[in-house]
Every structure is written in structure tokens, then in C-alpha cells.
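protein31.csv follows (CSV, C-alpha atoms and all ligand atoms):
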chain,number,residue,atom,x,y,z
A,1,MET,CA,16.3,18.6,-12.6
A,2,ILE,CA,14.5,20.3,-15.5
A,3,PRO,CA,11.3,18.6,-16.8
A,4,SER,CA,10.9,18.0,-20.5
A,5,LYS,CA,8.5,20.3,-22.3
A,6,PHE,CA,4.8,20.1,-21.5
A,7,GLN,CA,1.6,22.0,-22.1
A,8,TYR,CA,-0.4,23.2,-19.1
A,9,LYS,CA,-4.2,23.2,-19.1
A,10,ARG,CA,-6.5,24.2,-16.3
A,11,ALA,CA,-9.8,22.2,-16.0
A,12,LYS,CA,-13.0,23.9,-14.8
A,13,SER,CA,-14.9,20.7,-14.0
A,14,VAL,CA,-14.5,16.9,-13.8
A,15,THR,CA,-16.1,16.6,-17.2
A,16,ASP,CA,-13.8,19.2,-18.6
A,17,ALA,CA,-10.7,17.5,-17.2
A,18,LEU,CA,-11.7,14.1,-18.6
A,19,SER,CA,-12.4,15.6,-22.0
A,20,MET,CA,-8.8,17.0,-22.1
A,21,LEU,CA,-7.3,13.6,-21.3
A,22,SER,CA,-5.1,12.0,-23.9
A,23,ASN,CA,-2.5,9.2,-23.9
A,24,ASP,CA,0.4,11.3,-22.7
A,25,ALA,CA,-1.5,13.7,-20.5
A,26,LYS,CA,-1.5,13.6,-16.7
A,27,PHE,CA,-3.7,15.2,-14.0
A,28,LEU,CA,-1.9,17.7,-11.8
A,29,ALA,CA,-3.3,18.0,-8.3
A,30,GLY,CA,-0.8,19.2,-5.6
A,31,GLY,CA,2.2,18.4,-7.8
A,32,HIS,CA,4.2,17.1,-4.8
A,33,SER,CA,4.7,13.6,-6.3
A,34,LEU,CA,4.3,14.3,-10.0
A,35,LEU,CA,6.6,17.4,-10.4
A,36,PRO,CA,9.6,15.8,-8.6
A,37,ALA,CA,9.2,12.7,-10.9
A,38,MET,CA,9.0,15.0,-14.0
A,39,LYS,CA,12.1,16.9,-12.9
A,40,LEU,CA,14.0,13.6,-12.7
A,41,ARG,CA,12.4,12.7,-16.1
A,42,LEU,CA,10.9,9.5,-14.6
A,43,ASN,CA,7.7,10.9,-15.9
A,44,GLN,CA,7.4,12.9,-19.2
A,45,PRO,CA,3.8,13.8,-19.9
A,46,ASP,CA,3.2,16.1,-22.8
A,47,THR,CA,0.2,17.8,-21.1
A,48,LEU,CA,-0.6,18.6,-17.5
A,49,ILE,CA,-4.3,19.0,-16.7
A,50,ASP,CA,-4.6,21.0,-13.5
A,51,ILE,CA,-7.5,19.8,-11.4
A,52,SER,CA,-6.5,21.6,-8.2
A,53,ARG,CA,-9.1,24.4,-8.6
A,54,ILE,CA,-12.1,22.3,-9.4
A,55,GLU,CA,-14.4,23.3,-6.6
A,56,GLU,CA,-16.6,20.1,-6.8
A,57,LEU,CA,-13.4,18.0,-6.1
A,58,LYS,CA,-12.5,19.9,-3.0
A,59,GLU,CA,-15.6,19.5,-0.9
A,60,ILE,CA,-15.9,17.5,2.3
A,61,LYS,CA,-19.5,16.6,3.0
A,62,ASP,CA,-21.5,14.8,5.6
A,63,GLU,CA,-23.9,12.3,4.0
A,64,GLY,CA,-25.5,10.7,7.0
A,65,ASP,CA,-23.9,7.3,7.5
A,66,HIS,CA,-20.7,8.3,5.7
A,67,ILE,CA,-18.7,11.3,4.7
A,68,ILE,CA,-17.4,12.2,1.3
A,69,ILE,CA,-13.9,13.7,0.9
A,70,GLY,CA,-13.3,15.3,-2.5
A,71,ALA,CA,-10.2,14.0,-4.3
A,72,ALA,CA,-8.6,17.4,-4.5
A,73,ALA,CA,-9.1,18.2,-0.8
A,74,THR,CA,-5.6,18.9,0.5
A,75,HIS,CA,-4.1,17.0,3.5
A,76,HIS,CA,-4.5,20.2,5.4
A,77,ASP,CA,-8.2,20.4,4.5
A,78,VAL,CA,-8.8,16.9,5.8
A,79,ALA,CA,-6.7,17.4,8.9
A,80,TYR,CA,-8.7,20.5,10.0
A,81,SER,CA,-12.2,19.3,8.9
A,82,THR,CA,-14.7,19.0,11.8
A,83,ILE,CA,-16.7,16.6,9.6
A,84,VAL,CA,-13.8,14.3,9.2
A,85,LYS,CA,-12.7,14.5,12.9
A,86,GLU,CA,-16.2,13.6,14.0
A,87,ALA,CA,-16.7,10.8,11.5
A,88,CYS,CA,-13.4,9.0,11.8
A,89,SER,CA,-10.8,10.9,13.8
A,90,MET,CA,-7.7,9.0,12.6
A,91,MET,CA,-8.3,10.3,9.1
A,92,ALA,CA,-7.8,13.8,10.4
A,93,SER,CA,-4.8,13.0,12.7
A,94,GLY,CA,-3.2,10.9,9.9
A,95,ALA,CA,-3.5,13.8,7.5
A,96,GLU,CA,-1.9,16.1,10.0
A,97,GLN,CA,1.1,13.7,10.2
A,98,ILE,CA,1.9,13.9,6.5
A,99,GLY,CA,5.1,15.7,5.4
A,100,ASP,CA,5.4,19.3,6.5
A,101,ILE,CA,3.1,22.3,6.2
A,102,GLN,CA,4.0,23.0,2.6
A,103,VAL,CA,3.3,19.4,1.6
A,104,ARG,CA,0.0,19.4,3.5
A,105,ASN,CA,-1.1,22.7,2.0
A,106,ALA,CA,-0.6,21.5,-1.6
A,107,GLY,CA,-0.8,17.7,-1.6
A,108,THR,CA,-4.2,16.0,-2.0
A,109,ILE,CA,-5.7,12.8,-0.8
A,110,GLY,CA,-6.6,11.9,-4.4
A,111,GLY,CA,-3.1,12.6,-5.7
A,112,SER,CA,-1.7,10.4,-3.0
A,113,LEU,CA,-4.1,7.5,-3.6
A,114,ALA,CA,-3.4,7.7,-7.4
A,115,HIS,CA,0.4,7.8,-6.9
A,116,ALA,CA,0.2,4.9,-4.4
A,117,ASP,CA,3.6,5.3,-2.9
A,118,PRO,CA,4.3,2.3,-0.7
A,119,ALA,CA,5.4,4.6,2.1
A,120,ALA,CA,2.4,7.0,1.9
A,121,ASP,CA,0.0,7.4,4.8
A,122,TRP,CA,-3.4,7.5,3.1
A,123,PRO,CA,-3.3,3.8,1.9
A,124,ALA,CA,-3.3,2.5,5.5
A,125,LEU,CA,-5.9,5.0,6.6
A,126,VAL,CA,-8.4,4.2,3.8
A,127,ILE,CA,-7.9,0.5,4.2
A,128,ALA,CA,-8.6,0.5,7.9
A,129,ALA,CA,-11.5,2.9,7.5
A,130,GLU,CA,-13.0,0.5,4.9
A,131,ALA,CA,-13.4,3.5,2.6
A,132,THR,CA,-14.5,3.4,-1.0
A,133,ILE,CA,-12.7,5.2,-3.8
A,134,ARG,CA,-15.0,6.6,-6.4
A,135,VAL,CA,-13.5,7.1,-9.9
A,136,GLN,CA,-14.9,8.5,-13.0
A,137,GLY,CA,-13.9,7.7,-16.6
A,138,PRO,CA,-15.4,8.1,-20.1
A,139,ASP,CA,-18.1,5.5,-19.4
A,140,GLY,CA,-19.2,6.9,-16.0
A,141,SER,CA,-18.2,6.3,-12.4
A,142,ARG,CA,-17.5,3.2,-10.4
A,143,ASP,CA,-16.7,2.5,-6.7
A,144,ILE,CA,-13.5,0.6,-5.7
A,145,PRO,CA,-13.3,-0.7,-2.1
A,146,ALA,CA,-10.0,0.5,-0.6
A,147,ALA,CA,-9.2,-3.2,0.2
A,148,SER,CA,-8.9,-4.0,-3.6
A,149,TYR,CA,-7.7,-0.6,-4.8
A,150,PHE,CA,-4.0,-1.2,-4.3
A,151,THR,CA,-2.6,-3.9,-6.6
A,152,GLY,CA,1.2,-3.6,-6.3
A,153,PHE,CA,4.2,-1.4,-6.1
A,154,TYR,CA,2.9,2.1,-7.2
A,155,GLU,CA,0.0,0.2,-8.8
A,156,THR,CA,-3.7,0.5,-8.4
A,157,ALA,CA,-7.0,-0.5,-9.9
A,158,LEU,CA,-7.4,3.0,-11.4
A,159,ALA,CA,-7.4,2.9,-15.2
A,160,ASP,CA,-5.3,5.4,-17.2
A,161,ASN,CA,-8.4,7.2,-18.4
A,162,GLU,CA,-10.0,7.5,-15.0
A,163,MET,CA,-9.9,10.2,-12.3
A,164,ILE,CA,-10.4,9.7,-8.6
A,165,THR,CA,-13.3,12.0,-7.7
A,166,GLU,CA,-14.3,11.1,-4.1
A,167,ILE,CA,-13.4,9.1,-1.1
A,168,HIS,CA,-16.3,7.7,0.8
A,169,VAL,CA,-15.6,7.0,4.5
A,170,PRO,CA,-18.1,5.2,6.7
A,171,LYS,CA,-18.8,7.1,10.0
A,172,LEU,CA,-17.7,5.2,13.0
A,173,PRO,CA,-20.4,4.1,15.4
A,174,ALA,CA,-20.6,5.7,18.8
A,175,GLY,CA,-18.0,4.2,21.2
A,176,SER,CA,-15.6,3.2,18.4
A,177,SER,CA,-12.0,4.4,18.4
A,178,SER,CA,-9.5,4.9,15.7
A,179,VAL,CA,-5.8,5.8,15.6
A,180,TYR,CA,-2.9,6.3,13.2
A,181,VAL,CA,0.7,6.1,14.4
A,182,LYS,CA,3.9,6.1,12.4
A,183,PHE,CA,7.7,5.9,12.5
A,184,VAL,CA,8.8,8.6,10.1
A,185,GLN,CA,11.7,8.9,7.6
A,186,PRO,CA,13.1,12.1,9.3
A,187,ALA,CA,13.7,14.1,6.1
A,188,SER,CA,10.4,13.6,4.2
A,189,ARG,CA,8.2,12.3,7.1
A,190,PHE,CA,7.0,9.5,4.8
A,191,ALA,CA,6.2,6.3,6.9
A,192,ILE,CA,8.9,3.8,7.3
A,193,VAL,CA,6.1,2.1,9.1
A,194,GLY,CA,2.5,3.4,9.6
A,195,CYS,CA,-0.3,1.6,11.4
A,196,ALA,CA,-4.0,2.5,11.3
A,197,VAL,CA,-6.5,0.8,13.6
A,198,VAL,CA,-10.3,1.1,13.8
A,199,ASN,CA,-12.1,-0.7,16.6
A,200,ASN,CA,-15.9,-0.7,16.7
A,201,ALA,CA,-16.2,-1.4,20.4
A,202,ASP,CA,-16.0,0.3,23.8
A,203,ALA,CA,-12.6,0.9,25.4
A,204,GLY,CA,-10.8,-2.3,26.2
A,205,GLU,CA,-13.1,-4.5,24.2
A,206,VAL,CA,-12.3,-5.9,20.8
A,207,GLY,CA,-15.2,-5.4,18.3
A,208,ASN,CA,-15.0,-5.4,14.5
A,209,ILE,CA,-11.3,-4.4,14.6
A,210,LYS,CA,-9.4,-3.4,11.4
A,211,VAL,CA,-5.6,-3.0,11.3
A,212,ALA,CA,-3.8,-1.7,8.2
A,213,ILE,CA,-0.1,-1.2,7.7
A,214,THR,CA,1.9,1.0,5.3
A,215,GLY,CA,5.6,1.3,4.5
A,216,VAL,CA,6.4,-2.3,5.2
A,217,SER,CA,5.7,-4.0,2.0
A,218,GLU,CA,5.3,-3.1,-1.7
A,219,MET,CA,1.8,-1.9,-0.9
A,220,ALA,CA,-0.3,-1.2,2.2
A,221,TYR,CA,-2.1,-4.2,3.6
A,222,ARG,CA,-4.8,-5.3,6.0
A,223,ALA,CA,-3.1,-7.1,8.9
A,224,HIS,CA,-5.6,-10.0,9.1
A,225,ALA,CA,-3.3,-12.1,11.3
A,226,VAL,CA,-3.3,-9.4,13.9
A,227,GLU,CA,-7.1,-9.0,13.8
A,228,ASP,CA,-7.5,-12.9,14.0
A,229,GLU,CA,-5.3,-13.0,17.1
A,230,LEU,CA,-7.5,-10.4,18.8
A,231,MET,CA,-10.8,-12.0,18.0
A,232,GLY,CA,-12.8,-12.8,21.1
A,233,GLN,CA,-10.1,-11.2,23.4
A,234,VAL,CA,-10.0,-8.1,25.5
A,235,LEU,CA,-7.2,-5.6,24.9
A,236,SER,CA,-4.7,-6.5,27.5
A,237,GLU,CA,-0.9,-6.3,27.6
A,238,GLU,CA,-0.7,-10.0,26.8
A,239,SER,CA,-3.2,-10.1,23.9
A,240,ILE,CA,-1.7,-6.9,22.4
A,241,GLU,CA,1.8,-8.5,22.6
A,242,ARG,CA,0.6,-11.7,20.9
A,243,ALA,CA,-1.3,-9.8,18.2
A,244,ALA,CA,1.6,-7.3,17.4
A,245,ALA,CA,4.0,-10.3,16.9
A,246,ARG,CA,1.9,-11.2,13.9
A,247,ALA,CA,2.1,-7.7,12.2
A,248,THR,CA,4.0,-9.0,9.1
A,249,ASP,CA,2.7,-12.6,8.9
A,250,HIS,CA,2.3,-13.6,5.2
A,251,VAL,CA,3.9,-10.3,4.0
A,252,ASP,CA,7.0,-9.8,1.8
A,253,ILE,CA,8.9,-7.1,3.8
A,254,LEU,CA,10.8,-4.3,1.9
A,255,SER,CA,14.5,-3.7,2.6
A,256,ASP,CA,16.2,-0.4,1.6
A,257,HIS,CA,18.7,2.1,2.8
A,258,TYR,CA,16.2,3.5,5.3
A,259,ALA,CA,15.4,0.2,7.1
A,260,SER,CA,16.5,-3.4,6.6
A,261,GLU,CA,13.8,-6.2,6.4
A,262,LYS,CA,14.6,-7.2,10.0
A,263,TYR,CA,14.3,-3.6,11.3
A,264,ARG,CA,11.0,-3.0,9.4
A,265,LYS,CA,9.6,-6.2,10.9
A,266,HIS,CA,10.5,-5.0,14.3
A,267,LEU,CA,9.1,-1.5,13.7
A,268,ALA,CA,5.9,-3.0,12.4
A,269,GLN,CA,5.4,-5.0,15.6
A,270,VAL,CA,6.3,-2.0,17.8
A,271,TYR,CA,3.9,0.3,15.9
A,272,VAL,CA,1.0,-2.1,15.9
A,273,LYS,CA,1.5,-2.5,19.7
A,274,LYS,CA,1.6,1.3,20.1
A,275,ALA,CA,-1.6,1.7,18.1
A,276,LEU,CA,-3.4,-1.0,20.1
A,277,GLU,CA,-2.2,0.4,23.4
A,278,THR,CA,-3.5,3.8,22.4
A,279,ILE,CA,-7.1,2.5,21.9
A,280,LYS,CA,-6.9,0.1,24.9
B,301,LIG,P1,0.3,15.0,-7.8
B,301,LIG,O1,1.8,15.1,-7.5
B,301,LIG,O2,-0.3,16.2,-8.5
B,301,LIG,O3,-0.1,13.8,-8.6
B,301,LIG,C1,0.5,12.5,-8.3
B,301,LIG,C2,-0.1,11.5,-9.3
B,301,LIG,O4,-1.5,11.3,-9.2
B,301,LIG,C3,0.1,11.9,-10.8
B,301,LIG,O5,0.3,10.8,-11.6
B,301,LIG,C4,-1.3,12.5,-11.1
B,301,LIG,O6,-1.6,12.5,-12.5
B,301,LIG,C5,-2.2,11.6,-10.4
B,301,LIG,N1,-3.4,12.2,-9.9
B,301,LIG,C6,-3.5,13.3,-9.0
B,301,LIG,N2,-4.8,13.5,-8.7
B,301,LIG,C7,-5.5,12.6,-9.3
B,301,LIG,C8,-6.9,12.2,-9.3
B,301,LIG,N3,-7.8,12.9,-8.6
B,301,LIG,N4,-7.3,11.1,-10.1
B,301,LIG,C9,-6.4,10.4,-10.7
B,301,LIG,N5,-5.1,10.7,-10.8
B,301,LIG,C10,-4.7,11.8,-10.0
B,301,LIG,N6,3.1,11.6,1.5
B,301,LIG,C11,2.7,10.9,2.6
B,301,LIG,O7,1.8,10.1,2.5
B,301,LIG,N7,3.3,11.1,3.8
B,301,LIG,C12,4.4,11.9,4.0
B,301,LIG,O8,4.9,12.1,5.1
B,301,LIG,C13,4.8,12.6,2.8
B,301,LIG,N8,5.8,13.5,2.9
B,301,LIG,C14,6.2,14.2,1.8
B,301,LIG,C15,7.3,15.0,1.8
B,301,LIG,C16,7.8,15.7,0.7
B,301,LIG,C17,8.9,16.6,0.8
B,301,LIG,C18,7.0,15.6,-0.5
B,301,LIG,C19,7.5,16.4,-1.8
B,301,LIG,C20,6.0,14.7,-0.6
B,301,LIG,C21,5.5,14.0,0.5
B,301,LIG,N9,4.4,13.2,0.5
B,301,LIG,C22,4.1,12.5,1.6
B,301,LIG,C23,3.7,13.0,-0.8
B,301,LIG,C24,2.5,14.1,-0.8
B,301,LIG,O9,1.6,13.7,0.1
B,301,LIG,C25,1.9,14.2,-2.2
B,301,LIG,O10,1.2,15.3,-2.1
B,301,LIG,C26,1.0,13.1,-2.6
B,301,LIG,O11,1.7,11.9,-2.7
B,301,LIG,C27,0.6,13.3,-4.1
B,301,LIG,O12,-0.5,14.2,-4.1
B,301,LIG,P2,-0.5,15.4,-5.0
B,301,LIG,O13,-1.9,16.0,-4.8
B,301,LIG,O14,0.7,16.3,-4.8
B,301,LIG,O15,-0.5,14.7,-6.5

Can the structure in the file be given as C-alpha cells, please?
Ligand code: FAD
Amino acid sequence: MIPSKFQYKRAKSVTDALSMLSNDAKFLAGGHSLLPAMKLRLNQPDTLIDISRIEELKEIKDEGDHIIIGAAATHHDVAYSTIVKEACSMMASGAEQIGDIQVRNAGTIGGSLAHADPAADWPALVIAAEATIRVQGPDGSRDIPAASYFTGFYETALADNEMITEIHVPKLPAGSSSVYVKFVQPASRFAIVGCAVVNNADAGEVGNIKVAITGVSEMAYRAHAVEDELMGQVLSEESIERAAARATDHVDILSDHYASEKYRKHLAQVYVKKALETIK
């Protein structure tokens, strides 16, 4: 449980951090995923570049039709931000459900998205919110839609020489609702199943509905089958039941010592139903 030797550097700005990056260096944000991996020697960077005190990375801003969450904003910052609550409430309530208070005070949204744990909460939240992940590298910045950001088990579209700088979240139109519900692993509170739903319509109606699920497969996914089932429907007990039954259509379901494939499938259906009933 002792990491191998590394150098520690503290970056003052994004440019400064990117200039320090070398092949065996890693950014250090909250350290809540990286340090445990280093202690187990699953990860042995020779340099840690601390980005947690870069002010420009911690801001949460209202930009009119969308908000910007800085990559180094902690889960706690997001959970208690009025800007986030007003723009897309499930982002705040989802952040509040992450881990415990120590994890929320140190862990960051950018660190979680870079790490891409298949049981993490942010992946489902950013997919359902149709957020965009802005990353910066040596050749400038680019925007990656959340829908194409996650590419596999702990894998993303982020290149080794890039840093996540901002998460852009569209504001929900008036009358919309959003919710995040999850079944937690009781020790860590990671999601065995987490379901995020955004519905751009008045209560009971189905508008442009987005359903995203984490914890079930090797990466979070948009549950298009559930959305298709709800198209043109009102949210009733029957339509919700039919839609929830399709929570894992076309998905390879994980099986581990926390939950078998069969149990995860069941939980996914139960939690999609719970989420839809909440916004009914
Ligand atoms: P770090 O650990 O510092 O970094 C993780 C990885 O991301 C590293 O590879 C690092 O180099 C890279 N990185 C960090 N920031 C950036 C950036 N801006 N750009 C590019 N790369 C970057 N998560 C949940 O979702 N739900 C939970 O319920 C939950 N429970 C937890 C319980 C415990 C006990 C612990 C220890 C963790 C838990 N987590 C949970 C994970 C937690 O949210 C982590 O904070 C998060 O996954 C990683 O964020 P971090 O800021 O700590 O990143």
C-alpha cells in the first residue's frame, strides 16, 4: 500500500500544467481514484502535476443558454451550486449522492470523467444532460459530446496529452424535469445501477426524453430502447413499466461479486422505473 517514488509539482494555470506534462506524468485533482491506484501500484507515474488549486478550473459559470462547470470543481461545489441547481437540478442532486463527505470535498467532476469508472455517477449525468466535455492539449482545445466521450471500460476519447478543462451543460427549458436515482454499493456508494433522466416536457408528458444508465455495463450508456418505447406516450404506470423493461436492451451486462448479470438487469429495470415515476 505504498506508492512507488514520484515527483510532485503544483501547476498555477492550465498552460503551466500542460507544459509540465511528460510521458509518465499524471494530473492530480482530488486524488480519490489516482492515489488508491498508486498505492496498489496499478499506476506508477513518475510525476504528479497537482491541478486542484488552479482557480480557472474551479469556476462554475452561467453562460446564458448553458452553464460551465470547471473540471476541478469538487462534487461538493457542484452539489451546492445555485447555478447548477437552476440549470439542471439532477446534476446537483447526482453530485450530492457521490461517496461520502470526504470524497465529495476532494473528488472532482473532471477527475471522475477522466478516470471513467464504469460505476461512477458523472457518466450517466453528463450523457443524459447532453453535456459537452472541453479538453485542452498542446494544439489547443476541442469539444467532445458526452455521448461519444466514453469509449470502453475505463476508456475515453481523452488523449494522454490532453486535460479536461470544462464541462458545458445546456440549461433545461422551463417545465422540464430531471432526476438521478441509484442503487449504491453500501461501502463506497458507487452505483451498482444509476439512472439519469431528463424530460423536456410538462409533468406527465413525454418530450425530448433522455435516459442514461451507469454501473450496468463496461461504460455508461444512453438507453435508447427506453426512450423509443416512451415516444408519443404519456407517462403512465403501463408505459413506464413497458419502457423500464427495455433498460438493458442491446447491452452487455456486467457480472461481479456485487451483483450478478441477472440481478443488475433487474436493478436497471427497477431504477429506470423509479426515475420515470419521480418525474411523472
Ligand atoms: P484523481 O484521483 O486525482 O484523478 C483520477 C484520474 O483522472 C487520474 O488519472 C488523473 O490523472 C486524471 N485527471 C484528473 N483530473 C483530470 C483532468 N482535469 N483532465 C484530465 N485528466 C484528469 N465516484 C462516484 O462517481 N460515485 C461514488 O459513489 C464514489 N464513491 C467513492 C468512494 C470512495 C471511498 C472513493 C475513494 C472514491 C469514490 N468515488 C465515487 C470516486 C471519486 O468520485 C473520485 O473523486 C473520482 O472518481 C476521481 O476524481 P478525482 O478528482 O479524485 O481524480

Hey, could you make a per-residue contact list for chain A against ligand LIG 301 (chain B) with 7 Å as the cut-off, showing the nearest pair of atoms and its distance in Å to one decimal, counting all atoms listed in the file, sorted by chain and number, as a tab-separated table?
residue	atom	partner	partner_atom	distance
A:Lys26	CA	B:LIG301	O6	4.3
A:Phe27	CA	B:LIG301	O6	3.7
A:Leu28	CA	B:LIG301	O2	4.0
A:Ala29	CA	B:LIG301	O2	3.5
A:Gly30	CA	B:LIG301	O14	3.4
A:Gly31	CA	B:LIG301	O1	3.3
A:His32	CA	B:LIG301	O14	3.6
A:Ser33	CA	B:LIG301	O1	3.5
A:Leu34	CA	B:LIG301	O1	3.6
A:Leu35	CA	B:LIG301	O1	6.1
A:Ala71	CA	B:LIG301	N3	5.0
A:Ala72	CA	B:LIG301	N3	6.1
A:Gln97	CA	B:LIG301	O8	6.6
A:Ile98	CA	B:LIG301	O8	3.8
A:Gly99	CA	B:LIG301	N8	3.4
A:Asp100	CA	B:LIG301	C15	6.6
A:Val103	CA	B:LIG301	C18	5.7
A:Arg104	CA	B:LIG301	O9	6.8
A:Ala106	CA	B:LIG301	O14	6.2
A:Gly107	CA	B:LIG301	O10	3.2
A:Thr108	CA	B:LIG301	O13	3.6
A:Ile109	CA	B:LIG301	O12	6.3
A:Gly110	CA	B:LIG301	N3	4.5
A:Gly111	CA	B:LIG301	C6	3.4
A:Ser112	CA	B:LIG301	O11	3.7
A:Ala114	CA	B:LIG301	O4	4.5
A:His115	CA	B:LIG301	C2	4.4
A:Asp117	CA	B:LIG301	O11	6.9
A:Ala119	CA	B:LIG301	O7	6.6
A:Ala120	CA	B:LIG301	O7	3.2
A:Asp121	CA	B:LIG301	O7	4.0
A:Trp122	CA	B:LIG301	O7	5.8
A:Glu162	CA	B:LIG301	C9	6.3
A:Met163	CA	B:LIG301	N4	3.5
A:Ile164	CA	B:LIG301	N4	3.7
A:Thr165	CA	B:LIG301	N3	5.6
A:Ser188	CA	B:LIG301	C15	4.2
A:Arg189	CA	B:LIG301	O8	3.9
A:Phe190	CA	B:LIG301	O8	3.4
A:Ala191	CA	B:LIG301	O8	6.2

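For the set A:Lys182, A:Lys265, A:His75, A:His257, the residue with the smallest atom-to-atom gap to Ser217 of chain A is A:Lys265, counting only C-alpha atoms.
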
Would you please work out which residue, of A:Ala25, A:Val216, A:Arg242, A:Gly232, is nearest to His266 of chain A when using all atoms listed in the file?
->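 For His266 of chain A, the nearest of the given residues is A:Val216.
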
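Atom CA of Lys39 of chain A is found 4.5 Å from atom CA of Met1 of chain A.
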
Skipping near chain neighbours, those fewer than 6 positions away, what residues fall within 12 Å of Thr156 of chain A using all atoms listed in the file, listed as a PyMOL selection string?
-> chain A and resi 112-118+123+133+135+144-150+162+164+218-220

Could you pull the residues within 8 Å of segment 193-208 of chain A, counting only C-alpha atoms, minus those fewer than 3 positions along the same chain, as a ChimeraX atom specification?
-> /A:90,119,121,124-125,128-129,172-173,175-184,211-216,230-236,264,267-268,271-272,275-276,279-280

Find the residue from A:Arg53, A:Met20, A:Tyr263, A:Glu59 that sits nearest to Asn161 of chain A; use all atoms listed in the file when measuring.
-> A:Met20

Check the smallest atom-to-atom distance from each of A:Glu63, A:Leu21, A:His168, A:Arg246 to Val126 of chain A using all atoms listed in the file, then report the winner.
->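 Among the listed residues, A:His168 lies closest to Val126 of chain A.
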
What gap, in Å, lies between atom CA of Lys273 of chain A and atom CA of Glu227 of chain A?
-> 12.3 Å

Distance atom CA of Met38 of chain A-atom CA of Ile2 of chain A, one decimal place?
-> 7.8 Å

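The residue that comes closest to Tyr258 of chain A, out of A:Glu130, A:Gln185, A:Leu40, A:Glu238 and on the basis of all atoms listed in the file, is A:Gln185.
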
Best match for closeness to Ala159 of chain A among A:Asp65, A:Met91, A:Ile127, A:Asn23, counting only C-alpha atoms |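 Closest candidate: A:Asn23.
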
Please provide the set of residues having any atom within 9 Å of Lys171 of chain A, restricted to all atoms listed in the file, with same-chain residues fewer than 3 positions apart removed, written as a PyMOL selection string.
-> chain A and resi 64-67+84+86-88+129

Can those selected residues be exported to a file as a PDB file, in the frame of the given file so that it contains C-alpha atoms?
ATOM      1  CA  GLY A  64     -25.500  10.700   7.000  1.00  0.00           C
ATOM      2  CA  ASP A  65     -23.900   7.300   7.500  1.00  0.00           C
ATOM      3  CA  HIS A  66     -20.700   8.300   5.700  1.00  0.00           C
ATOM      4  CA  ILE A  67     -18.700  11.300   4.700  1.00  0.00           C
ATOM      5  CA  VAL A  84     -13.800  14.300   9.200  1.00  0.00           C
ATOM      6  CA  GLU A  86     -16.200  13.600  14.000  1.00  0.00           C
ATOM      7  CA  ALA A  87     -16.700  10.800  11.500  1.00  0.00           C
ATOM      8  CA  CYS A  88     -13.400   9.000  11.800  1.00  0.00           C
ATOM      9  CA  ALA A 129     -11.500   2.900   7.500  1.00  0.00           C
TER      10      ALA A 129
END
